[in-house]
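Here the structure comes first, spelled out in structure tokens, and everything after it is commentary.
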Amino acid sequence: MHPLGWRPKWVDDAQHNIYWQKTMKLKLIPHKARAGAFTLIEILLVIVIILLLAGSIVAFVIPQQEGAEKNTTRMLVNNVKSSLDNYRLNIGHYPTEEEGGLMGLVKKPEFENEKLGGKWQGPYVKAGTTFTDAWSNLLVYEPADPEFMQAGDPPYRLYSKGPDGLEETEDDIGDKEVQEDVDSLEELSEAVDPVTTGDE
């Protein structure tokens, strides 16, 4: 209180300003706290969106990866077949089991005929080449069954077991597919040919 019983106006204005600032701070604190937080619904919504995006990416990437694995394996089979042809040009025949099979393309076999040993001009594959497909299965290299051979076919079968790792299944890649096609043609011809009986 002023000694004369009155207060200057600036004193009342100053106290009013202090009171107003304190009041505004109290009102603003909850708003600031709310602005920096997320509700449970908002968090769940973000999680759902992330899961949907992840699912769509997986659905797109997996088929692309499977296609790339099959293409890589086809290229491997074709490259090995070319190497086998080069081996045959030098030696006169494709590598036999006694000559190590496909390993005869990498390491010089122990030929009984020394002259053949001198004709070996390998290795016939690039350094670091492995004979495993995209699914870590060894390629199958085996003599061809004469019953299923067609004109111009090599006397061997070279193929990958495919993604399932099993032989003689639909996903095999390579010469095995050719053999399966022949099987289906034979079945078709048997179904079309008339059945003969002893009475005819």
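Labeling convention for the structure tokens: chains A, B, ... as they appear, residues from 1 per chain, ligands from 1 in order of appearance.
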Exercise: stretch 157-161 of chain A partners within 10 Å, only C-alpha atoms, chain neighbours under 2 positions left out, as a ChimeraX atom specification: /A:70,73-74,76-78,80-81,102,131-135,137-145,149,153-155,163-179
Determine which residues of stretch 56-184 of chain A receive a DSSP assignment of alpha helix (DSSP H), computed from the backbone, and state them as a PyMOL selection string. chain A and resi 56-91+114-119+175-184
Keeping only C-alpha atoms, write the selected residues as a tab-separated table (two decimals), in the first residue's frame.
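This is the output file result_21.tsv:
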```
chain	number	residue	atom	x	y	z
A	56	SER	CA	3.22	-56.02	-50.18
A	57	ILE	CA	7.01	-55.84	-50.46
A	58	VAL	CA	7.41	-59.52	-49.58
A	59	ALA	CA	4.70	-60.50	-52.06
A	60	PHE	CA	6.63	-58.65	-54.78
A	61	VAL	CA	10.18	-59.68	-53.84
A	62	ILE	CA	9.69	-63.44	-53.37
A	63	PRO	CA	8.49	-64.17	-56.94
A	64	GLN	CA	11.28	-61.98	-58.30
A	65	GLN	CA	13.83	-63.91	-56.25
A	66	GLU	CA	12.47	-67.27	-57.37
A	67	GLY	CA	12.62	-66.19	-61.01
A	68	ALA	CA	16.21	-65.00	-60.58
A	69	GLU	CA	17.22	-68.31	-58.99
A	70	LYS	CA	15.75	-70.30	-61.89
A	71	ASN	CA	17.40	-68.07	-64.49
A	72	THR	CA	20.76	-68.37	-62.73
A	73	THR	CA	20.45	-72.15	-62.68
A	74	ARG	CA	19.51	-72.30	-66.38
A	75	MET	CA	22.60	-70.24	-67.19
A	76	LEU	CA	24.76	-72.60	-65.13
A	77	VAL	CA	23.37	-75.67	-66.91
A	78	ASN	CA	23.94	-74.10	-70.33
A	79	ASN	CA	27.50	-73.04	-69.44
A	80	VAL	CA	28.38	-76.52	-68.19
A	81	LYS	CA	26.93	-78.07	-71.35
A	82	SER	CA	29.18	-75.82	-73.43
A	83	SER	CA	32.16	-76.93	-71.34
A	84	LEU	CA	31.19	-80.55	-71.88
A	85	ASP	CA	31.16	-79.97	-75.63
A	86	ASN	CA	34.66	-78.49	-75.48
A	87	TYR	CA	35.85	-81.48	-73.47
A	88	ARG	CA	34.44	-83.80	-76.11
A	89	LEU	CA	36.17	-81.86	-78.90
A	90	ASN	CA	39.54	-82.43	-77.21
A	91	ILE	CA	39.13	-85.92	-75.80
A	114	GLU	CA	48.37	-91.30	-72.12
A	115	LYS	CA	47.56	-89.76	-75.50
A	116	LEU	CA	44.17	-88.68	-74.15
A	117	GLY	CA	45.90	-87.05	-71.22
A	118	GLY	CA	47.89	-84.93	-73.63
A	119	LYS	CA	44.70	-83.78	-75.35
A	175	ASP	CA	17.74	-82.04	-69.84
A	176	LYS	CA	15.44	-83.74	-67.39
A	177	GLU	CA	12.61	-81.55	-68.68
A	178	VAL	CA	13.25	-82.89	-72.20
A	179	GLN	CA	12.98	-86.43	-70.92
A	180	GLU	CA	9.68	-85.66	-69.19
A	181	ASP	CA	8.35	-84.21	-72.46
A	182	VAL	CA	9.25	-87.43	-74.25
A	183	ASP	CA	7.47	-89.46	-71.60
A	184	SER	CA	4.30	-87.42	-72.10
```
Interatomic distance between atom CA of A:Gly101 and atom CA of A:Thr129?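 Separation between atom CA of A:Gly101 and atom CA of A:Thr129: 14.9 Å.
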